[in-house]
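structure_17.pdb (PDB, C-alpha atoms)
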```pdb
ATOM      1  CA  MET A   1      49.739-131.620  24.179
ATOM      2  CA  SER A   2      52.873-133.714  23.741
ATOM      3  CA  LEU A   3      53.663-132.119  20.369
ATOM      4  CA  PHE A   4      54.590-128.890  22.162
ATOM      5  CA  LYS A   5      57.807-128.900  24.149
ATOM      6  CA  ASN A   6      60.164-126.111  25.127
ATOM      7  CA  ILE A   7      62.615-126.531  22.266
ATOM      8  CA  PHE A   8      63.963-123.001  21.847
ATOM      9  CA  SER A   9      65.775-120.887  24.401
ATOM     10  CA  LYS A  10      63.781-118.098  26.082
ATOM     11  CA  ASP A  11      65.448-115.364  23.956
ATOM     12  CA  LYS A  12      64.935-117.254  20.716
ATOM     13  CA  LYS A  13      61.286-117.935  21.558
ATOM     14  CA  GLU A  14      60.681-114.271  22.427
ATOM     15  CA  THR A  15      62.164-113.250  19.039
ATOM     16  CA  LEU A  16      59.824-115.695  17.284
ATOM     17  CA  ASP A  17      56.799-114.481  19.271
ATOM     18  CA  LYS A  18      57.622-110.871  18.420
ATOM     19  CA  GLY A  19      58.312-111.697  14.752
ATOM     20  CA  LEU A  20      54.834-113.235  14.368
ATOM     21  CA  GLU A  21      53.028-110.453  16.258
ATOM     22  CA  LYS A  22      51.450-108.803  13.174
ATOM     23  CA  THR A  23      50.296-112.135  11.763
ATOM     24  CA  LYS A  24      48.848-113.172  15.107
ATOM     25  CA  THR A  25      47.025-109.866  15.704
ATOM     26  CA  SER A  26      45.470-110.004  12.229
ATOM     27  CA  PHE A  27      44.516-113.678  12.577
ATOM     28  CA  PHE A  28      42.882-113.355  15.990
ATOM     29  CA  GLY A  29      41.056-110.202  14.895
ATOM     30  CA  LYS A  30      39.485-112.196  12.051
ATOM     31  CA  LEU A  31      38.889-115.234  14.267
ATOM     32  CA  SER A  32      37.030-113.242  16.944
ATOM     33  CA  LYS A  33      34.715-111.823  14.242
ATOM     34  CA  ALA A  34      34.187-115.326  12.836
ATOM     35  CA  VAL A  35      32.870-116.653  16.166
ATOM     36  CA  ALA A  36      31.157-113.461  17.410
ATOM     37  CA  GLY A  37      27.857-114.315  19.102
ATOM     38  CA  LYS A  38      28.476-118.052  18.769
ATOM     39  CA  SER A  39      29.015-120.401  21.686
ATOM     40  CA  LYS A  40      29.261-123.636  19.715
ATOM     41  CA  VAL A  41      31.404-124.689  16.732
ATOM     42  CA  ASP A  42      28.814-125.335  14.013
ATOM     43  CA  ASP A  43      28.745-125.287  10.196
ATOM     44  CA  GLU A  44      28.575-121.501  10.073
ATOM     45  CA  VAL A  45      31.592-121.138  12.372
ATOM     46  CA  LEU A  46      33.504-123.651  10.250
ATOM     47  CA  ASP A  47      32.633-121.736   7.052
ATOM     48  CA  ASN A  48      33.829-118.517   8.674
ATOM     49  CA  LEU A  49      36.958-120.244   9.940
ATOM     50  CA  GLU A  50      37.716-121.488   6.415
ATOM     51  CA  GLU A  51      37.560-117.894   5.185
ATOM     52  CA  VAL A  52      39.821-116.709   8.034
ATOM     53  CA  LEU A  53      42.481-119.300   7.172
ATOM     54  CA  VAL A  54      42.386-118.591   3.425
ATOM     55  CA  THR A  55      42.594-114.811   3.955
ATOM     56  CA  SER A  56      45.489-115.392   6.383
ATOM     57  CA  ASP A  57      47.494-116.886   3.471
ATOM     58  CA  VAL A  58      47.449-120.446   4.788
ATOM     59  CA  GLY A  59      46.418-121.519   1.265
ATOM     60  CA  VAL A  60      43.251-123.218   0.019
ATOM     61  CA  ASN A  61      44.484-126.839   0.008
ATOM     62  CA  THR A  62      45.983-126.656   3.501
ATOM     63  CA  THR A  63      42.897-124.819   4.809
ATOM     64  CA  LEU A  64      40.623-127.613   3.531
ATOM     65  CA  LYS A  65      42.767-130.212   5.319
ATOM     66  CA  ILE A  66      42.593-128.239   8.589
ATOM     67  CA  ILE A  67      38.805-127.767   8.326
ATOM     68  CA  GLU A  68      38.367-131.503   7.621
ATOM     69  CA  ARG A  69      40.355-132.388  10.746
ATOM     70  CA  ILE A  70      38.286-129.993  12.864
ATOM     71  CA  GLU A  71      35.006-131.336  11.382
ATOM     72  CA  GLU A  72      36.060-134.863  12.385
ATOM     73  CA  ARG A  73      36.790-133.639  15.878
ATOM     74  CA  VAL A  74      33.460-131.780  16.136
ATOM     75  CA  SER A  75      31.506-134.866  15.047
ATOM     76  CA  ARG A  76      33.451-136.963  17.567
ATOM     77  CA  ASP A  77      33.058-134.563  20.515
ATOM     78  CA  LYS A  78      29.395-133.669  19.691
ATOM     79  CA  TYR A  79      29.581-130.331  21.561
ATOM     80  CA  MET A  80      32.575-128.069  21.096
ATOM     81  CA  GLY A  81      32.571-124.513  22.431
ATOM     82  CA  THR A  82      34.017-121.657  20.371
ATOM     83  CA  GLU A  83      36.265-120.745  23.332
ATOM     84  CA  GLU A  84      38.163-123.977  22.633
ATOM     85  CA  LEU A  85      38.767-123.115  18.967
ATOM     86  CA  ASN A  86      42.207-121.556  19.429
ATOM     87  CA  LYS A  87      43.525-124.624  21.274
ATOM     88  CA  ILE A  88      41.959-127.001  18.722
ATOM     89  CA  LEU A  89      43.396-125.078  15.764
ATOM     90  CA  ARG A  90      46.831-125.088  17.357
ATOM     91  CA  GLU A  91      46.691-128.838  17.931
ATOM     92  CA  GLU A  92      45.257-129.759  14.535
ATOM     93  CA  ILE A  93      47.700-127.598  12.534
ATOM     94  CA  ALA A  94      50.625-129.018  14.519
ATOM     95  CA  GLY A  95      49.189-132.502  13.939
ATOM     96  CA  LEU A  96      48.896-131.867  10.199
ATOM     97  CA  LEU A  97      52.476-130.596   9.948
ATOM     98  CA  SER A  98      53.770-133.450  12.118
ATOM     99  CA  GLU A  99      52.825-135.870   9.337
ATOM    100  CA  THR A 100      55.931-134.756   7.429
ATOM    101  CA  HIS A 101      59.334-135.313   8.998
ATOM    102  CA  VAL A 102      60.619-131.833   8.244
ATOM    103  CA  GLY A 103      60.638-128.604  10.223
ATOM    104  CA  GLU A 104      61.994-130.391  13.281
ATOM    105  CA  ASP A 105      65.438-128.764  13.459
ATOM    106  CA  THR A 106      66.378-126.921  16.614
ATOM    107  CA  ASP A 107      69.734-125.437  15.589
ATOM    108  CA  PHE A 108      71.944-124.555  12.626
ATOM    109  CA  THR A 109      73.615-127.829  11.650
ATOM    110  CA  LEU A 110      75.225-129.296   8.542
ATOM    111  CA  PRO A 111      75.671-132.902   7.452
ATOM    112  CA  LYS A 112      79.142-134.242   8.132
ATOM    113  CA  THR A 113      79.175-136.426   5.026
ATOM    114  CA  HIS A 114      81.122-133.995   2.853
ATOM    115  CA  LYS A 115      83.431-131.026   3.104
ATOM    116  CA  PRO A 116      82.931-128.337   2.041
ATOM    117  CA  HIS A 117      79.129-128.341   2.189
ATOM    118  CA  VAL A 118      78.088-126.248  -0.822
ATOM    119  CA  ILE A 119      74.820-124.272  -0.691
ATOM    120  CA  MET A 120      73.618-122.487  -3.826
ATOM    121  CA  VAL A 121      71.146-119.747  -2.874
ATOM    122  CA  VAL A 122      68.414-118.785  -5.371
ATOM    123  CA  GLY A 123      65.439-116.406  -5.366
ATOM    124  CA  VAL A 124      64.123-113.312  -7.120
ATOM    125  CA  ASN A 125      65.598-109.891  -6.394
ATOM    126  CA  GLY A 126      64.282-108.184  -3.282
ATOM    127  CA  VAL A 127      63.318-111.254  -1.252
ATOM    128  CA  GLY A 128      66.203-110.872   1.199
ATOM    129  CA  LYS A 129      68.517-113.393  -0.467
ATOM    130  CA  THR A 130      71.826-111.625   0.226
ATOM    131  CA  THR A 131      70.800-110.762   3.795
ATOM    132  CA  THR A 132      69.864-114.408   4.387
ATOM    133  CA  ILE A 133      73.300-115.506   3.120
ATOM    134  CA  GLY A 134      74.996-113.022   5.478
ATOM    135  CA  LYS A 135      72.946-114.151   8.475
ATOM    136  CA  LEU A 136      73.531-117.830   7.654
ATOM    137  CA  ALA A 137      77.278-117.165   7.375
ATOM    138  CA  ASN A 138      77.138-115.580  10.828
ATOM    139  CA  GLN A 139      75.302-118.578  12.342
ATOM    140  CA  PHE A 140      77.697-121.116  10.824
ATOM    141  CA  LYS A 141      80.740-119.092  11.867
ATOM    142  CA  ASN A 142      79.377-118.928  15.424
ATOM    143  CA  LYS A 143      79.341-122.734  15.356
ATOM    144  CA  GLY A 144      83.085-122.665  14.709
ATOM    145  CA  LEU A 145      82.795-123.491  10.996
ATOM    146  CA  LYS A 146      84.971-121.996   8.248
ATOM    147  CA  VAL A 147      82.696-120.190   5.802
ATOM    148  CA  VAL A 148      83.369-118.861   2.281
ATOM    149  CA  LEU A 149      80.958-116.650   0.304
ATOM    150  CA  GLY A 150      80.731-116.528  -3.497
ATOM    151  CA  ALA A 151      79.294-113.406  -5.179
ATOM    152  CA  GLY A 152      77.626-115.224  -8.080
ATOM    153  CA  ASP A 153      75.009-112.539  -8.757
ATOM    154  CA  THR A 154      77.231-110.707 -11.242
ATOM    155  CA  PHE A 155      74.345-108.963 -13.008
ATOM    156  CA  ARG A 156      73.976-106.282 -10.348
ATOM    157  CA  ALA A 157      76.908-104.364  -8.904
ATOM    158  CA  ALA A 158      74.752-103.698  -5.828
ATOM    159  CA  ALA A 159      74.450-107.442  -5.170
ATOM    160  CA  ILE A 160      78.232-107.885  -5.134
ATOM    161  CA  ASP A 161      78.688-104.805  -2.926
ATOM    162  CA  GLN A 162      75.956-105.898  -0.515
ATOM    163  CA  LEU A 163      77.438-109.374  -0.114
ATOM    164  CA  GLU A 164      80.863-107.826   0.482
ATOM    165  CA  VAL A 165      79.383-105.687   3.282
ATOM    166  CA  TRP A 166      78.052-108.868   4.904
ATOM    167  CA  ALA A 167      81.372-110.701   4.433
ATOM    168  CA  ASN A 168      83.165-107.848   6.226
ATOM    169  CA  ARG A 169      80.535-107.681   8.957
ATOM    170  CA  VAL A 170      80.695-111.403   9.684
ATOM    171  CA  ASP A 171      84.462-111.507   8.955
ATOM    172  CA  VAL A 172      84.451-114.317   6.408
ATOM    173  CA  PRO A 173      86.215-114.432   3.008
ATOM    174  CA  ILE A 174      84.327-113.538  -0.162
ATOM    175  CA  ILE A 175      85.243-114.518  -3.716
ATOM    176  CA  LYS A 176      84.055-112.025  -6.328
ATOM    177  CA  GLN A 177      84.713-110.776  -9.828
ATOM    178  CA  LYS A 178      83.633-107.593 -11.558
ATOM    179  CA  MET A 179      80.016-106.980 -12.560
ATOM    180  CA  GLY A 180      79.074-108.793 -15.773
ATOM    181  CA  SER A 181      81.491-111.682 -15.165
ATOM    182  CA  ASP A 182      80.388-115.261 -15.794
ATOM    183  CA  PRO A 183      78.594-116.520 -12.615
ATOM    184  CA  ALA A 184      79.933-120.039 -13.249
ATOM    185  CA  SER A 185      83.480-118.657 -13.214
ATOM    186  CA  VAL A 186      82.822-117.067  -9.803
ATOM    187  CA  ALA A 187      81.442-120.376  -8.496
ATOM    188  CA  PHE A 188      84.524-122.219  -9.810
ATOM    189  CA  ASP A 189      86.906-119.765  -8.118
ATOM    190  CA  THR A 190      84.885-119.892  -4.889
ATOM    191  CA  LEU A 191      85.032-123.681  -4.637
ATOM    192  CA  ASN A 192      88.724-123.774  -5.519
ATOM    193  CA  SER A 193      89.413-121.277  -2.752
ATOM    194  CA  ALA A 194      87.188-123.153  -0.280
ATOM    195  CA  VAL A 195      88.907-126.486  -0.969
ATOM    196  CA  ALA A 196      92.377-124.919  -0.689
ATOM    197  CA  ASP A 197      91.364-123.243   2.589
ATOM    198  CA  ASP A 198      89.769-126.430   3.992
ATOM    199  CA  ALA A 199      86.453-124.575   4.455
ATOM    200  CA  ASP A 200      83.426-126.288   5.998
ATOM    201  CA  VAL A 201      80.654-124.473   4.153
ATOM    202  CA  VAL A 202      80.294-122.432   0.954
ATOM    203  CA  LEU A 203      77.360-120.090   0.301
ATOM    204  CA  ILE A 204      76.988-119.019  -3.330
ATOM    205  CA  ASP A 205      74.675-116.167  -4.319
ATOM    206  CA  THR A 206      72.990-116.329  -7.744
ATOM    207  CA  ALA A 207      71.189-113.829  -9.976
ATOM    208  CA  GLY A 208      67.582-113.205  -8.995
ATOM    209  CA  ARG A 209      65.874-113.108 -12.343
ATOM    210  CA  LEU A 210      62.744-115.052 -13.179
ATOM    211  CA  HIS A 211      61.472-113.239 -16.283
ATOM    212  CA  ASN A 212      62.918-115.915 -18.547
ATOM    213  CA  LYS A 213      62.888-119.366 -16.974
ATOM    214  CA  VAL A 214      64.811-120.949 -19.846
ATOM    215  CA  ASN A 215      67.755-118.598 -19.353
ATOM    216  CA  LEU A 216      67.614-119.026 -15.589
ATOM    217  CA  MET A 217      67.537-122.813 -15.932
ATOM    218  CA  ASN A 218      70.471-122.792 -18.351
ATOM    219  CA  GLU A 219      72.470-120.467 -16.138
ATOM    220  CA  LEU A 220      71.899-122.442 -12.926
ATOM    221  CA  SER A 221      72.652-125.715 -14.736
ATOM    222  CA  LYS A 222      75.926-124.260 -16.011
ATOM    223  CA  VAL A 223      76.886-123.030 -12.526
ATOM    224  CA  LYS A 224      76.238-126.543 -11.169
ATOM    225  CA  ARG A 225      78.269-128.235 -13.919
ATOM    226  CA  VAL A 226      81.253-125.955 -13.361
ATOM    227  CA  MET A 227      81.082-126.420  -9.559
ATOM    228  CA  GLN A 228      81.251-130.180 -10.061
ATOM    229  CA  LYS A 229      84.656-129.851 -11.724
ATOM    230  CA  VAL A 230      85.952-128.896  -8.277
ATOM    231  CA  VAL A 231      83.552-130.672  -5.893
ATOM    232  CA  PRO A 232      81.954-133.587  -7.790
ATOM    233  CA  ASP A 233      78.593-133.669  -5.949
ATOM    234  CA  ALA A 234      78.122-129.900  -5.539
ATOM    235  CA  PRO A 235      75.855-128.178  -4.782
ATOM    236  CA  HIS A 236      74.728-130.253  -1.823
ATOM    237  CA  GLU A 237      71.804-127.938  -1.227
ATOM    238  CA  VAL A 238      69.814-125.461  -3.330
ATOM    239  CA  LEU A 239      68.181-122.994  -0.940
ATOM    240  CA  LEU A 240      65.270-120.942  -2.321
ATOM    241  CA  VAL A 241      64.609-117.674  -0.457
ATOM    242  CA  LEU A 242      60.985-116.449  -0.454
ATOM    243  CA  ASP A 243      59.581-113.166   0.847
ATOM    244  CA  GLY A 244      56.866-114.061   3.382
ATOM    245  CA  SER A 245      55.280-110.615   3.089
ATOM    246  CA  THR A 246      54.147-111.439  -0.467
ATOM    247  CA  GLY A 247      51.762-114.125   0.822
ATOM    248  CA  GLN A 248      50.357-116.223  -2.016
ATOM    249  CA  ASN A 249      52.958-114.814  -4.422
ATOM    250  CA  ALA A 250      55.568-116.753  -2.422
ATOM    251  CA  PHE A 251      53.715-119.973  -3.389
ATOM    252  CA  GLU A 252      53.923-118.934  -7.040
ATOM    253  CA  GLN A 253      57.653-118.156  -6.834
ATOM    254  CA  ALA A 254      58.261-121.528  -5.202
ATOM    255  CA  LYS A 255      56.412-123.247  -8.061
ATOM    256  CA  GLN A 256      58.364-121.349 -10.730
ATOM    257  CA  PHE A 257      61.784-121.915  -9.169
ATOM    258  CA  THR A 258      61.162-125.598  -8.554
ATOM    259  CA  LYS A 259      60.532-125.888 -12.299
ATOM    260  CA  ALA A 260      63.780-124.057 -13.087
ATOM    261  CA  THR A 261      66.086-125.971 -10.736
ATOM    262  CA  GLU A 262      66.096-128.719  -8.121
ATOM    263  CA  VAL A 263      65.310-126.754  -4.970
ATOM    264  CA  SER A 264      66.055-128.777  -1.828
ATOM    265  CA  SER A 265      65.218-126.313   0.989
ATOM    266  CA  LEU A 266      63.387-123.033   1.585
ATOM    267  CA  ALA A 267      63.925-119.887   3.650
ATOM    268  CA  VAL A 268      60.943-117.588   4.257
ATOM    269  CA  THR A 269      61.972-114.028   5.139
ATOM    270  CA  LYS A 270      60.427-110.742   6.376
ATOM    271  CA  LEU A 271      57.795-112.394   8.565
ATOM    272  CA  ASP A 272      58.135-109.679  11.213
ATOM    273  CA  GLY A 273      56.877-106.953   8.864
ATOM    274  CA  THR A 274      53.750-108.697   7.639
ATOM    275  CA  ALA A 275      50.397-110.181   8.660
ATOM    276  CA  LYS A 276      50.897-112.953   6.067
ATOM    277  CA  GLY A 277      52.926-115.353   8.247
ATOM    278  CA  GLY A 278      50.269-118.047   7.721
ATOM    279  CA  VAL A 279      51.966-118.666   4.364
ATOM    280  CA  VAL A 280      54.653-120.672   6.222
ATOM    281  CA  ILE A 281      52.005-123.179   7.362
ATOM    282  CA  GLY A 282      50.721-123.591   3.793
ATOM    283  CA  ILE A 283      54.180-123.846   2.226
ATOM    284  CA  SER A 284      55.265-126.400   4.878
ATOM    285  CA  ASP A 285      52.234-128.521   4.099
ATOM    286  CA  GLN A 286      51.989-128.116   0.301
ATOM    287  CA  PHE A 287      55.568-128.386  -0.934
ATOM    288  CA  GLN A 288      57.617-131.533  -0.729
ATOM    289  CA  ILE A 289      60.526-129.214   0.108
ATOM    290  CA  PRO A 290      61.337-128.379   3.727
ATOM    291  CA  VAL A 291      61.156-124.840   5.087
ATOM    292  CA  LYS A 292      64.540-124.717   6.783
ATOM    293  CA  TYR A 293      64.906-121.091   7.923
ATOM    294  CA  ILE A 294      62.622-118.157   8.711
ATOM    295  CA  GLY A 295      63.469-114.465   9.020
ATOM    296  CA  VAL A 296      61.684-112.883  11.998
ATOM    297  CA  GLY A 297      63.527-109.573  12.402
ATOM    298  CA  GLU A 298      66.160-107.151  11.140
ATOM    299  CA  GLY A 299      68.938-108.214  13.520
ATOM    300  CA  ILE A 300      71.835-110.458  12.526
ATOM    301  CA  GLU A 301      70.569-113.141  14.949
ATOM    302  CA  ASP A 302      66.962-112.923  13.714
ATOM    303  CA  LEU A 303      67.267-115.691  11.134
ATOM    304  CA  GLN A 304      66.011-118.837  12.875
ATOM    305  CA  VAL A 305      65.829-122.490  11.983
ATOM    306  CA  PHE A 306      62.186-123.321  11.281
ATOM    307  CA  ASN A 307      60.737-125.587  13.933
ATOM    308  CA  LYS A 308      57.092-126.272  13.105
ATOM    309  CA  TYR A 309      56.054-126.901  16.709
ATOM    310  CA  GLU A 310      57.573-123.680  18.040
ATOM    311  CA  PHE A 311      56.152-121.778  15.056
ATOM    312  CA  VAL A 312      52.582-123.026  15.594
ATOM    313  CA  ASP A 313      52.910-122.490  19.344
ATOM    314  CA  SER A 314      53.955-118.838  18.809
ATOM    315  CA  PHE A 315      51.301-118.330  16.115
ATOM    316  CA  PHE A 316      48.514-119.303  18.515
ATOM    317  CA  LYS A 317      49.954-117.894  21.740
ATOM    318  CA  LEU A 318      47.404-115.569  23.380
TER     319      LEU A 318
END
```
The structure given in the file should be rewritten as structure tokens.
Amino acid sequence: MSLFKNIFSKDKKETLDKGLEKTKTSFFGKLSKAVAGKSKVDDEVLDNLEEVLVTSDVGVNTTLKIIERIEERVSRDKYMGTEELNKILREEIAGLLSETHVGEDTDFTLPKTHKPHVIMVVGVNGVGKTTTIGKLANQFKNKGLKVVLGAGDTFRAAAIDQLEVWANRVDVPIIKQKMGSDPASVAFDTLNSAVADDADVVLIDTAGRLHNKVNLMNELSKVKRVMQKVVPDAPHEVLLVLDGSTGQNAFEQAKQFTKATEVSSLAVTKLDGTAKGGVVIGISDQFQIPVKYIGVGEGIEDLQVFNKYEFVDSFFKL
């Protein structure tokens, strides 16, 4: 099918295949049970398939869209064998996702319209936020860009220390203050330093608390206002990091954070350690916010840009 082209390099594709292994094994285990003893795709197979997709964390709304597309195809083709189901699913999910013009990136790029490009990174504690910042810094640095990190999660000493470890590992500057400092003050210092140093990209960590949305909203709004004293249109991107291994809970976090601040892109992490990778398909379809990055392994290079065609291809690769 023309939707599937060799976009990624062999190494990158192998990393993606391996990162989705648990999801794929779980999905195909359920799928084989769903069609056991059946030669033809009929209503019962479709009902079973609906259950497989929902229990694979694709999400109810997205599942219903996929089933509808397959029903249309079944009624058109009259006879459809169950052995074709994998290929049909692959094509119909890719077709569904192709209706939005996101998830088509092939490499780590930044718009050239402003300098520095300021990314504020948000997400609850434990989702892999700081690790994602470190891995992003590494990717941008490898592209020859000057990167500055800002340790804006001042509520946990561990968060500042962890970001500093990444800054040293990637060999990029970090701006920090002591624990308990005002996050907006850290953001202000970070942008001042980045402008003075003619940096290309700034990644600012923020506190990962969601227990009180009003406080979180006020805090993030204040950080934005203070940033704009240095770079008038900052932040240019608000990146929400979600833990893919939490499945449907990732949907809920996305809903809550989008209420608290204007999220413009998503990163879904920890896909290699879970069978819940189907959540990426649902999130890509349901939210009007692009999934930009996915974490498919522990290694520093294992943060990838999300390309929906390569993702679906790896998901359904036998």
| request: Using all atoms listed in the file, find the one residue out of A:Glu92, A:Ile289, A:Val45, A:Asp57 that sits nearest to A:Arg73. | output: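 Checking each of A:Glu92, A:Ile289, A:Val45, A:Asp57 against A:Arg73, counting all atoms listed in the file, the winner is A:Glu92.
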So what does the PyMOL selection byres ((chain A and resi 227) around 12) actually pick up in this one, as a PDB file with C-alpha atoms, keeping the file's coordinate frame?
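Generated output (out23.pdb):
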```pdb
ATOM      1  CA  PRO A 116      82.931-128.337   2.041  1.00  0.00           C
ATOM      2  CA  VAL A 118      78.088-126.248  -0.822  1.00  0.00           C
ATOM      3  CA  ILE A 119      74.820-124.272  -0.691  1.00  0.00           C
ATOM      4  CA  MET A 120      73.618-122.487  -3.826  1.00  0.00           C
ATOM      5  CA  GLY A 150      80.731-116.528  -3.497  1.00  0.00           C
ATOM      6  CA  GLY A 152      77.626-115.224  -8.080  1.00  0.00           C
ATOM      7  CA  PRO A 183      78.594-116.520 -12.615  1.00  0.00           C
ATOM      8  CA  ALA A 184      79.933-120.039 -13.249  1.00  0.00           C
ATOM      9  CA  SER A 185      83.480-118.657 -13.214  1.00  0.00           C
ATOM     10  CA  VAL A 186      82.822-117.067  -9.803  1.00  0.00           C
ATOM     11  CA  ALA A 187      81.442-120.376  -8.496  1.00  0.00           C
ATOM     12  CA  PHE A 188      84.524-122.219  -9.810  1.00  0.00           C
ATOM     13  CA  ASP A 189      86.906-119.765  -8.118  1.00  0.00           C
ATOM     14  CA  THR A 190      84.885-119.892  -4.889  1.00  0.00           C
ATOM     15  CA  LEU A 191      85.032-123.681  -4.637  1.00  0.00           C
ATOM     16  CA  ASN A 192      88.724-123.774  -5.519  1.00  0.00           C
ATOM     17  CA  SER A 193      89.413-121.277  -2.752  1.00  0.00           C
ATOM     18  CA  ALA A 194      87.188-123.153  -0.280  1.00  0.00           C
ATOM     19  CA  VAL A 195      88.907-126.486  -0.969  1.00  0.00           C
ATOM     20  CA  VAL A 202      80.294-122.432   0.954  1.00  0.00           C
ATOM     21  CA  ILE A 204      76.988-119.019  -3.330  1.00  0.00           C
ATOM     22  CA  LEU A 220      71.899-122.442 -12.926  1.00  0.00           C
ATOM     23  CA  SER A 221      72.652-125.715 -14.736  1.00  0.00           C
ATOM     24  CA  LYS A 222      75.926-124.260 -16.011  1.00  0.00           C
ATOM     25  CA  VAL A 223      76.886-123.030 -12.526  1.00  0.00           C
ATOM     26  CA  LYS A 224      76.238-126.543 -11.169  1.00  0.00           C
ATOM     27  CA  ARG A 225      78.269-128.235 -13.919  1.00  0.00           C
ATOM     28  CA  VAL A 226      81.253-125.955 -13.361  1.00  0.00           C
ATOM     29  CA  GLN A 228      81.251-130.180 -10.061  1.00  0.00           C
ATOM     30  CA  LYS A 229      84.656-129.851 -11.724  1.00  0.00           C
ATOM     31  CA  VAL A 230      85.952-128.896  -8.277  1.00  0.00           C
ATOM     32  CA  VAL A 231      83.552-130.672  -5.893  1.00  0.00           C
ATOM     33  CA  PRO A 232      81.954-133.587  -7.790  1.00  0.00           C
ATOM     34  CA  ASP A 233      78.593-133.669  -5.949  1.00  0.00           C
ATOM     35  CA  ALA A 234      78.122-129.900  -5.539  1.00  0.00           C
ATOM     36  CA  PRO A 235      75.855-128.178  -4.782  1.00  0.00           C
ATOM     37  CA  HIS A 236      74.728-130.253  -1.823  1.00  0.00           C
TER      38      HIS A 236
END
```
| remark: Pairwise distance, atom CA of A:Glu51 with atom CA of A:Ala267, equals 26.5 Å
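Rounded to one decimal, atom CA of A:Thr132 and atom CA of A:Ser98 lie 26.1 Å from each other.
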| said: Please list, as a ChimeraX atom specification, the residues that have an atom at most 12 Å away from (62.9, -125.6, -7.0) in the coordinates of this file, counting only C-alpha atoms. | reply: /A:120-123,213,216-217,220,237-242,251-266,287-290
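Of the listed residues A:Glu44, A:Glu219, A:Ala158, A:Lys176, the one whose atoms come nearest to A:Gly126 is A:Ala158, with distances taken using all atoms listed in the file.
Take the candidates A:Ala34, A:Asp302, A:Lys292, A:Asp272 and check each one against A:Gly19 using only C-alpha atoms; the shortest distance goes to A:Asp272.
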| request: Decode the PyMOL selection byres ((chain A and resi 89) around 10) for the given file into explicit residues and return them as a count of residues only. | output: 18
Enclose all atoms of stretch 69-72 of chain A listed in the file in an axis-aligned box, grow every side by 8 Å, and hand back centre and edge lengths in Å to one decimal, as JSON.
```
{"center_x": 37.7, "center_y": -132.4, "center_z": 11.8, "size_x": 21.3, "size_y": 20.9, "size_z": 18.1}
```
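Evaluated against the shown file, the PyMOL selection byres ((chain A and resi 178) around 12) gives Ala151, Gly152, Asp153, Thr154, Phe155, Arg156, Ala157, Ala158, Ala159, Ile160, Asp161, Ile175, Lys176, Gln177, Met179, Gly180, Ser181, Asp182, Pro183, Ser185 and Val186 of chain A.
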| remark: From atom CA of A:Val268 to atom CA of A:Asp243 the spacing works out at 5.7 Å
| field | Contacts of A:Ser39 within 9 Å, all atoms listed in the file, excl. fewer than 4 positions in-chain, as a list in words | value |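 These residues fall inside the cut-off: Val35, Met80, Gly81, Thr82 and Glu83 of chain A.
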| field | Nearest residue to A:Lys24 from the set A:Lys276, A:Glu298, A:Asp198, A:Tyr293 (distances using all atoms listed in the file) | value | A:Lys276
| Shortest interatomic distance to A:Thr131 - which of A:Asp285, A:Gln248, A:Gly29, A:Leu163, counting only C-alpha atoms |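 With only C-alpha atoms as the atom set, the closest residue is A:Leu163.
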| Pick from A:Gln139, A:Asn61, A:Thr113, A:Thr23 nearest to A:Lys270, counting all atoms listed in the file | A:Thr23
| field | For A:Ser245: contacts at 12 Å, only C-alpha atoms, fewer than 4 positions along chain excluded, given as a list in words | value | Leu20, Lys22, Thr23, Ser56, Asp57, Gly126, Val127, Gly128, Asn249, Ala250, Phe251, Val268, Thr269, Lys270, Leu271, Asp272, Gly273, Thr274, Ala275, Lys276, Gly277, Gly278, Val279, Val280, Ile294, Gly295 and Val296 of chain A
